[in-house]
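Colleague: Input structure: start38.cif, which contains mmCIF, C-alpha atoms.
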data_target
loop_
_atom_site.label_atom_id
_atom_site.label_comp_id
_atom_site.auth_asym_id
_atom_site.auth_seq_id
_atom_site.Cartn_x
_atom_site.Cartn_y
_atom_site.Cartn_z
CA MET A 178 16.60 -41.02 -23.60
CA LYS A 179 19.07 -41.65 -20.77
CA LYS A 180 20.23 -38.02 -20.90
CA LEU A 181 16.60 -36.90 -20.81
CA ILE A 182 15.91 -38.98 -17.71
CA VAL A 183 19.01 -37.62 -15.95
CA ALA A 184 18.04 -34.06 -16.85
CA LEU A 185 14.51 -34.62 -15.58
CA PHE A 186 15.86 -36.08 -12.31
CA LEU A 187 18.16 -33.08 -11.80
CA THR A 188 15.30 -30.69 -12.53
CA LEU A 189 13.07 -32.40 -9.98
CA SER A 190 15.89 -32.44 -7.40
CA VAL A 191 16.55 -28.73 -7.82
CA SER A 192 12.82 -28.02 -7.62
CA ALA A 193 12.47 -30.06 -4.41
CA PHE A 194 15.49 -28.32 -2.89
CA ALA A 195 14.01 -24.93 -3.71
CA GLN A 196 10.69 -25.90 -2.17
CA ASP A 197 12.44 -27.19 0.97
CA SER A 198 14.41 -23.95 1.27
CA GLN A 199 11.25 -21.91 0.87
CA THR A 200 9.52 -23.98 3.54
CA GLU A 201 12.47 -23.65 5.90
CA ARG A 202 12.49 -19.87 5.53
CA PHE A 203 8.76 -19.75 6.15
CA LEU A 204 9.04 -21.90 9.28
CA LEU A 205 11.89 -19.77 10.62
CA ASP A 206 9.82 -16.64 10.13
CA GLN A 207 6.61 -18.01 11.60
CA VAL A 208 8.11 -19.73 14.64
CA TYR A 209 8.84 -16.27 16.06
CA ARG A 210 6.15 -14.20 14.34
CA ASN A 211 3.15 -16.40 15.13
CA THR A 212 1.56 -15.68 18.51
CA ASP A 213 -0.65 -18.78 18.78
CA MET A 214 1.13 -21.28 21.04
CA ASN A 215 -0.52 -24.32 19.44
CA VAL A 216 0.48 -23.16 15.96
CA ARG A 217 4.05 -22.53 17.14
CA ILE A 218 4.19 -26.04 18.59
CA GLU A 219 3.08 -27.52 15.27
CA ILE A 220 5.65 -25.39 13.44
CA ILE A 221 8.37 -26.67 15.75
CA LYS A 222 7.15 -30.24 15.32
CA THR A 223 7.41 -29.79 11.53
CA MET A 224 10.91 -28.37 11.95
CA ARG A 225 12.10 -31.83 13.02
CA THR A 226 11.94 -32.80 9.33
CA TYR A 227 14.45 -30.02 8.56
CA ALA A 228 16.51 -30.24 11.76
CA SER A 229 19.72 -31.01 9.85
CA ASP A 230 19.56 -27.51 8.34
CA ASN A 231 21.90 -25.20 10.28
CA ASP A 232 19.41 -22.33 10.54
CA ILE A 233 16.59 -24.62 11.70
CA GLU A 234 18.88 -26.29 14.23
CA ARG A 235 20.03 -22.89 15.53
CA ALA A 236 16.43 -21.70 15.97
CA LEU A 237 15.46 -24.86 17.85
CA LEU A 238 18.52 -24.52 20.09
CA ASN A 239 17.59 -20.93 20.89
CA ILE A 240 14.05 -21.97 21.80
CA VAL A 241 14.98 -24.91 24.04
CA SER A 242 17.62 -22.81 25.81
CA ASP A 243 15.40 -19.74 26.40
CA ALA A 244 13.96 -19.80 29.92
CA ARG A 245 11.49 -17.09 28.89
CA GLU A 246 9.81 -19.42 26.41
CA LEU A 247 6.69 -21.33 27.42
CA VAL A 248 7.47 -24.83 28.65
CA PRO A 249 5.31 -26.66 26.02
CA VAL A 250 7.17 -24.77 23.28
CA ARG A 251 10.57 -25.68 24.75
CA GLN A 252 9.44 -29.29 25.12
CA GLU A 253 8.54 -29.51 21.43
CA ALA A 254 11.88 -27.98 20.49
CA ALA A 255 13.64 -30.68 22.52
CA ARG A 256 11.64 -33.40 20.75
CA SER A 257 12.54 -31.96 17.35
CA LEU A 258 16.20 -31.65 18.32
CA SER A 259 16.25 -35.32 19.30
CA ALA A 260 16.63 -36.06 15.57
CA VAL A 261 20.09 -34.45 15.61
CA ALA A 262 20.99 -34.90 19.29
CA SER A 263 24.15 -36.83 18.39
CA ASN A 264 25.59 -33.49 17.30
CA SER A 265 27.82 -32.35 20.16
CA THR A 266 26.43 -28.79 20.12
CA VAL A 267 22.87 -30.07 20.34
CA LYS A 268 23.73 -32.57 23.06
CA ARG A 269 25.40 -29.86 25.12
CA ALA A 270 22.46 -27.47 24.73
CA LEU A 271 19.94 -30.13 25.72
CA THR A 272 21.86 -31.22 28.81
CA GLN A 273 22.38 -27.60 29.88
CA ALA A 274 18.68 -26.81 29.43
CA HIS A 275 17.91 -29.86 31.56
CA ASP A 276 20.35 -28.94 34.31
CA ARG A 277 19.28 -25.30 34.47
CA SER A 278 15.55 -26.00 34.74
CA THR A 279 13.47 -26.95 37.77
CA ASP A 280 10.42 -27.83 35.65
CA ILE A 281 9.96 -31.59 35.86
CA ASP A 282 7.96 -31.85 32.65
CA LEU A 283 10.64 -30.03 30.66
CA ARG A 284 13.42 -32.06 32.24
CA SER A 285 11.52 -35.27 31.47
CA THR A 286 11.08 -34.34 27.83
CA ILE A 287 14.76 -33.51 27.48
CA LEU A 288 15.71 -36.87 29.01
CA ARG A 289 13.56 -38.57 26.38
CA SER A 290 15.16 -36.49 23.64
CA LEU A 291 18.56 -38.01 24.47
CA TYR A 292 17.61 -41.47 23.18
CA LYS A 293 20.04 -41.16 20.24
CA VAL A 294 22.90 -40.02 22.47
CA ALA A 295 22.65 -42.54 25.32
CA PRO A 296 24.02 -45.54 23.37
CA SER A 297 27.37 -43.83 22.76
CA ASP A 298 27.64 -41.55 25.81
CA SER A 299 28.37 -43.54 28.97
CA LYS A 300 27.90 -40.49 31.21
CA ILE A 301 24.38 -39.80 29.95
CA ARG A 302 23.55 -43.50 30.04
CA ARG A 303 24.63 -43.70 33.69
CA VAL A 304 22.57 -40.61 34.58
CA LEU A 305 19.48 -42.20 33.04
CA ILE A 306 20.03 -45.51 34.82
CA ASN A 307 20.68 -43.74 38.12
CA ASN A 308 17.43 -41.81 37.64
CA LEU A 309 15.59 -45.13 37.39
CA ILE A 310 17.23 -46.46 40.51
CA GLN A 311 17.38 -43.38 42.72
CA ASN A 312 15.02 -40.64 41.52
CA HIS A 313 11.62 -40.58 43.22
CA ASP A 314 9.66 -38.72 40.54
CA ILE A 315 7.69 -41.08 38.31
CA ARG A 316 7.91 -38.69 35.35
CA ILE A 317 11.69 -38.61 35.52
CA GLN A 318 11.88 -42.40 35.88
CA LYS A 319 9.61 -43.04 32.90
CA ALA A 320 11.47 -40.50 30.77
CA SER A 321 14.79 -42.10 31.67
CA ALA A 322 13.51 -45.52 30.59
CA PHE A 323 12.50 -43.99 27.26
CA GLY A 324 15.93 -42.40 26.84
CA LEU A 325 17.55 -45.80 27.33
CA MET A 326 15.56 -47.52 24.57
CA ASN A 327 18.64 -48.33 22.47
CA ALA A 328 21.32 -48.05 25.13
CA ILE A 329 21.52 -51.35 27.02
CA ASN A 330 25.04 -52.19 25.92
CA SER A 331 26.36 -54.31 28.77
CA SER A 332 25.37 -57.05 31.20
CA SER A 333 25.61 -54.49 34.00
CA ASP A 334 23.15 -52.15 32.28
CA ALA A 335 20.80 -55.05 31.56
CA ARG A 336 20.96 -56.20 35.17
CA ASP A 337 20.06 -52.72 36.45
CA MET A 338 17.09 -52.54 34.09
CA ILE A 339 15.91 -56.03 35.00
CA ASN A 340 16.06 -55.16 38.70
CA VAL A 341 13.82 -52.15 38.13
CA ALA A 342 11.42 -54.13 35.94
CA MET A 343 11.05 -56.84 38.56
CA SER A 344 10.92 -54.61 41.65
CA PRO A 345 7.53 -54.48 43.40
CA MET A 346 8.76 -51.29 45.07
CA LYS A 347 8.74 -49.41 41.77
CA HIS A 348 5.63 -47.76 40.37
CA ASN A 349 3.81 -49.99 37.89
CA GLU A 350 3.99 -47.38 35.13
CA VAL A 351 7.76 -47.14 35.55
CA ARG A 352 8.12 -50.91 35.42
CA VAL A 353 6.09 -51.03 32.19
CA GLU A 354 8.28 -48.35 30.59
CA VAL A 355 11.38 -50.34 31.51
CA ILE A 356 9.82 -53.52 30.11
CA LYS A 357 9.20 -51.69 26.81
CA THR A 358 12.84 -50.62 26.78
CA LEU A 359 13.94 -54.23 27.28
CA TYR A 360 12.38 -55.13 23.92
CA ASN A 361 15.58 -54.06 22.19
CA SER A 362 17.60 -56.34 24.51
CA LEU A 363 15.71 -59.58 23.89
CA GLY A 364 18.89 -61.02 22.44
CA ARG A 365 20.12 -61.34 26.03
CA SER A 366 19.02 -64.56 27.69
CA GLU A 367 18.82 -62.91 31.12
CA VAL A 368 16.33 -60.36 29.76
CA VAL A 369 14.13 -63.08 28.26
CA ARG A 370 14.17 -65.05 31.52
CA ALA A 371 13.23 -61.96 33.51
CA LEU A 372 10.28 -61.16 31.25
CA GLU A 373 9.12 -64.78 31.32
CA ASN A 374 9.28 -64.72 35.12
CA ILE A 375 7.26 -61.51 35.28
CA SER A 376 4.69 -62.92 32.84
CA ALA A 377 4.20 -66.08 34.88
CA ASN A 378 4.25 -64.49 38.34
CA VAL A 379 0.60 -64.66 39.44
CA SER A 380 1.30 -62.53 42.51
CA ASP A 381 2.53 -59.60 40.41
CA GLN A 382 0.41 -56.77 39.01
CA ALA A 383 -1.65 -57.76 35.97
CA PHE A 384 -0.79 -54.47 34.22
CA VAL A 385 2.92 -55.24 34.48
CA ARG A 386 2.56 -58.91 33.59
CA ALA A 387 0.54 -58.07 30.48
CA ALA A 388 3.28 -55.69 29.34
CA ALA A 389 5.90 -58.43 29.69
CA VAL A 390 3.66 -60.82 27.74
CA ARG A 391 3.22 -58.26 24.98
CA VAL A 392 6.96 -57.68 24.62
CA LEU A 393 7.74 -61.41 24.57
CA SER A 394 5.08 -62.12 21.95
CA ALA A 395 6.37 -59.34 19.66
CA THR A 396 9.44 -61.35 18.66
CA PRO A 397 10.03 -64.62 16.77
CA THR A 398 8.95 -67.47 19.01
CA ASN A 399 10.39 -70.76 20.19
CA ARG A 400 8.71 -73.75 21.84
CA ASN A 401 9.16 -72.46 25.40
CA ARG A 402 7.70 -69.06 24.52
CA ARG A 403 4.77 -70.64 22.71
CA ASN A 404 4.07 -73.00 25.63
CA LEU A 405 4.17 -70.06 28.05
CA MET A 406 1.51 -68.27 26.00
CA TYR A 407 -0.61 -71.42 25.76
CA ASN A 408 -0.45 -71.87 29.52
CA LEU A 409 -1.35 -68.24 30.23
CA VAL A 410 -4.34 -68.31 27.87
CA ALA A 411 -5.66 -71.60 29.24
CA ASN A 412 -4.87 -71.35 32.94
CA ASP A 413 -4.06 -67.86 34.21
CA PHE A 414 -6.55 -66.47 36.68
CA ASN A 415 -6.30 -62.89 35.42
CA ALA A 416 -8.39 -61.87 32.41
CA ILE A 417 -6.01 -59.06 31.39
CA VAL A 418 -3.08 -61.45 31.18
CA ARG A 419 -5.12 -64.16 29.42
CA THR A 420 -6.35 -61.65 26.83
CA GLN A 421 -2.87 -60.29 26.14
CA ALA A 422 -1.43 -63.79 25.80
CA ALA A 423 -4.19 -64.72 23.35
CA ALA A 424 -3.50 -61.59 21.29
CA GLY A 425 0.20 -62.40 21.39
CA LEU A 426 -0.14 -65.81 19.77
CA LYS A 427 0.27 -64.13 16.38
CA PHE A 428 3.95 -63.57 17.35
CA LYS A 429 4.45 -60.58 15.09
CA LEU A 430 4.57 -56.82 15.48
CA THR A 431 1.66 -54.69 14.38
CA GLU A 432 1.85 -50.94 13.86
CA THR A 433 0.01 -50.57 17.18
CA ASP A 434 2.73 -52.62 18.88
CA VAL A 435 5.47 -50.52 17.28
CA ARG A 436 3.87 -47.33 18.56
CA TRP A 437 3.29 -48.83 22.02
CA LEU A 438 6.95 -49.86 22.17
CA ARG A 439 7.83 -46.32 20.91
CA LEU A 440 10.50 -47.80 18.62
CA SER A 441 12.95 -45.41 16.98
CA SER A 442 13.41 -47.57 13.87
CA GLN A 443 11.07 -49.62 11.74
CA PRO A 444 11.43 -53.37 12.40
CA GLY A 445 12.75 -55.14 9.34
CA THR A 446 13.85 -52.13 7.30
CA ARG A 447 15.50 -50.27 10.23
CA ALA A 448 14.22 -47.03 8.69
CA GLU A 449 14.24 -44.21 11.22
CA ARG A 450 11.01 -43.48 13.06
CA ASN A 451 9.99 -40.65 15.33
CA PRO A 452 9.33 -42.37 18.70
CA PHE A 453 7.35 -39.34 19.90
CA GLU A 454 4.62 -40.06 17.35
CA LEU A 455 2.00 -42.07 19.21
#
Let me see the file written as structure tokens.

Modeller:
Amino acid sequence: MKKLIVALFLTLSVSAFAQDSQTERFLLDQVYRNTDMNVRIEIIKTMRTYASDNDIERALLNIVSDARELVPVRQEAARSLSAVASNSTVKRALTQAHDRSTDIDLRSTILRSLYKVAPSDSKIRRVLINNLIQNHDIRIQKASAFGLMNAINSSSDARDMINVAMSPMKHNEVRVEVIKTLYNSLGRSEVVRALENISANVSDQAFVRAAAVRVLSATPTNRNRRNLMYNLVANDFNAIVRTQAAAGLKFKLTETDVRWLRLSSQPGTRAERNPFEL
């Protein structure tokens, strides 16, 4: 019986491998043959699943590097390559495509696609942080915050992110993206204090305060956190903040929260997620 089970497992594995190979060949053929842009984008999105295959990776690299390709097609190739961006060849191709383009939307997408590289590459991490501090384009700033989602490795990095999150001079959408990024740094006391201060600051923008409340309530609570939520629900003058604090009293992540936070791994299991899937 044991030999039968092993044989059956091997048969199924070989069958699955053959099916994957057939699918990969089909995708490689259709990504160039198909003339419908929307279909090509979906093909490239599917290719993320097979991005570890050398031929698939090579095709995606060719697409993201080809200035003659349509920008939405190159953007989707960058998103798919993000799955294997830790590969030095992929990282180099993405950064070169970014540097050689003047299209802000393409550059923004590529910055997002570096989220797996930023934790281990100090140069890329510094570029992303500098974009948040110095760049004036909101799209670039938001994309840089996304790229830093797992990369706040030092007190200095955390301080830079906190300063952006708390700055009234920054666009509200940028501040919210930075606040989302700080979710993965809630183990740092200075990050928690900053988010608590934003949540309680009645002179700040309600949109930003509600984001800070949502991040704080998505983690295991303590008495101070619980009392902050109680106070906001009972006493805050802004309905948006009160509503978010009331919703946050469950103190647990829902699938909606995970997607809003655009997490790259599943809380609890740490299984890999695609943060571009909203």

Colleague: Skip Leu271 of chain A itself and residues of its chain fewer than 4 positions away, then list as a ChimeraX atom specification all residues within 7 Å of it, counting all atoms listed in the file.

Modeller: /A:267,275,287

Colleague: I'd like the neighbourhood of Ile317 of chain A as a ChimeraX atom specification, where a residue qualifies if any of its atoms comes within 9 Å (using only C-alpha atoms), though same-chain residues fewer than 2 positions away should be ignored.

Modeller: /A:281-282,284-286,288,305,308-309,312-315,319-322

Colleague: For those residues, write C-alpha atoms to a file as a PDB file, keeping the file's coordinate frame.

Modeller:
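Here's the written file selection.pdb:
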ATOM      1  CA  ILE A 281       9.960 -31.590  35.860  1.00  0.00           C
ATOM      2  CA  ASP A 282       7.960 -31.850  32.650  1.00  0.00           C
ATOM      3  CA  ARG A 284      13.420 -32.060  32.240  1.00  0.00           C
ATOM      4  CA  SER A 285      11.520 -35.270  31.470  1.00  0.00           C
ATOM      5  CA  THR A 286      11.080 -34.340  27.830  1.00  0.00           C
ATOM      6  CA  LEU A 288      15.710 -36.870  29.010  1.00  0.00           C
ATOM      7  CA  LEU A 305      19.480 -42.200  33.040  1.00  0.00           C
ATOM      8  CA  ASN A 308      17.430 -41.810  37.640  1.00  0.00           C
ATOM      9  CA  LEU A 309      15.590 -45.130  37.390  1.00  0.00           C
ATOM     10  CA  ASN A 312      15.020 -40.640  41.520  1.00  0.00           C
ATOM     11  CA  HIS A 313      11.620 -40.580  43.220  1.00  0.00           C
ATOM     12  CA  ASP A 314       9.660 -38.720  40.540  1.00  0.00           C
ATOM     13  CA  ILE A 315       7.690 -41.080  38.310  1.00  0.00           C
ATOM     14  CA  LYS A 319       9.610 -43.040  32.900  1.00  0.00           C
ATOM     15  CA  ALA A 320      11.470 -40.500  30.770  1.00  0.00           C
ATOM     16  CA  SER A 321      14.790 -42.100  31.670  1.00  0.00           C
ATOM     17  CA  ALA A 322      13.510 -45.520  30.590  1.00  0.00           C
TER      18      ALA A 322
END

Colleague: Quick one: of A:Asn415, A:Ser259, A:Asn211, A:Thr200, who's nearest to Leu237 of chain A, counting all atoms listed in the file?

Modeller: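 With all atoms listed in the file as the atom set, the closest residue is A:Ser259.
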
Colleague: Check which residues satisfy the PyMOL selection byres ((chain A and resi 345-352) around 12) in the file shown, then give them as a ChimeraX atom specification.

Modeller: /A:308-323,338-344,353-359,372,375,378,380-389

Colleague: Just the residues within 12 Å of Arg403 of chain A, please, counting all atoms listed in the file, with nothing from its chain fewer than 4 positions along; format it as a PyMOL selection string.

Modeller: chain A and resi 373+390+393-399+407-410+422-423+425-428

Colleague: List as a list of chain:residue names the protein and nucleic acid residues near Ser290 of chain A, meaning an atom at most 8 Å away when only C-alpha atoms are counted, but skip any in the same chain fewer than 6 places from it.

Modeller: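 After dropping sequence-adjacent residues, the list is A:Ala255, A:Arg256, A:Leu258, A:Ser259, A:Ala262, A:Gly324.
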
Colleague: My list of candidates is A:Thr433, A:Ser442, A:Asn215, A:Gln273. Which is closest to Asp243 of chain A when distances are computed with all atoms listed in the file?

Modeller: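 The answer is A:Gln273, which sits nearest to Asp243 of chain A.
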
Colleague: Any idea what the distance is between atom CA of Thr446 of chain A and atom CA of Arg302 of chain A?

Modeller: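 Separating atom CA of Thr446 of chain A from atom CA of Arg302 of chain A is a distance of 26.2 Å.
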
Colleague: I'd like the neighbourhood of Thr226 of chain A as a PDB file with C-alpha atoms, keeping the file's coordinate frame, where a residue qualifies if any of its atoms comes within 12 Å (using only C-alpha atoms), though same-chain residues fewer than 6 positions away should be ignored.

Modeller:
ATOM      1  CA  ASP A 197      12.440 -27.190   0.970  1.00  0.00           C
ATOM      2  CA  THR A 200       9.520 -23.980   3.540  1.00  0.00           C
ATOM      3  CA  GLU A 201      12.470 -23.650   5.900  1.00  0.00           C
ATOM      4  CA  LEU A 204       9.040 -21.900   9.280  1.00  0.00           C
ATOM      5  CA  GLU A 219       3.080 -27.520  15.270  1.00  0.00           C
ATOM      6  CA  ILE A 220       5.650 -25.390  13.440  1.00  0.00           C
ATOM      7  CA  ILE A 233      16.590 -24.620  11.700  1.00  0.00           C
ATOM      8  CA  GLU A 234      18.880 -26.290  14.230  1.00  0.00           C
ATOM      9  CA  ARG A 256      11.640 -33.400  20.750  1.00  0.00           C
ATOM     10  CA  SER A 257      12.540 -31.960  17.350  1.00  0.00           C
ATOM     11  CA  LEU A 258      16.200 -31.650  18.320  1.00  0.00           C
ATOM     12  CA  SER A 259      16.250 -35.320  19.300  1.00  0.00           C
ATOM     13  CA  ALA A 260      16.630 -36.060  15.570  1.00  0.00           C
ATOM     14  CA  VAL A 261      20.090 -34.450  15.610  1.00  0.00           C
ATOM     15  CA  GLU A 449      14.240 -44.210  11.220  1.00  0.00           C
ATOM     16  CA  ARG A 450      11.010 -43.480  13.060  1.00  0.00           C
ATOM     17  CA  ASN A 451       9.990 -40.650  15.330  1.00  0.00           C
TER      18      ASN A 451
END

Colleague: Out of A:Ser441, A:Asn401, A:Ser376, A:Asn231, which residue has the shortest atom-to-atom distance to Arg419 of chain A when counting all atoms listed in the file?

Modeller: A:Ser376

Colleague: Pick out the closest residue to Tyr360 of chain A from this set: A:Tyr292, A:Ala377, A:Leu430, A:Ile306. Count all atoms listed in the file.

Modeller: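 Of A:Tyr292, A:Ala377, A:Leu430, A:Ile306, the one nearest Tyr360 of chain A is A:Leu430, counting all atoms listed in the file.
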
Colleague: What residues have an atom no more than 10 Å from (4.8, -22.9, 25.8) in the file's own frame, counting only C-alpha atoms, and can you write them as a ChimeraX atom specification?

Modeller: /A:213-215,217-218,245-253

Colleague: Mind giving me the straight-line distance from atom CA of Gly445 of chain A to atom CA of Asn327 of chain A in Å, one decimal?

Modeller: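 Going from atom CA of Gly445 of chain A over to atom CA of Asn327 of chain A, I get 15.9 Å.
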
Colleague: Measuring between only C-alpha atoms, which one of A:Arg402, A:Lys268, A:Lys222, A:Arg391 shows the shortest distance to Arg370 of chain A?

Modeller: A:Arg402

Colleague: Between atom CA of Met326 of chain A and atom CA of Glu432 of chain A, what is the spacing in Å?

Modeller: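 If I compute the distance from atom CA of Glu432 of chain A to atom CA of Met326 of chain A, I get 17.7 Å.
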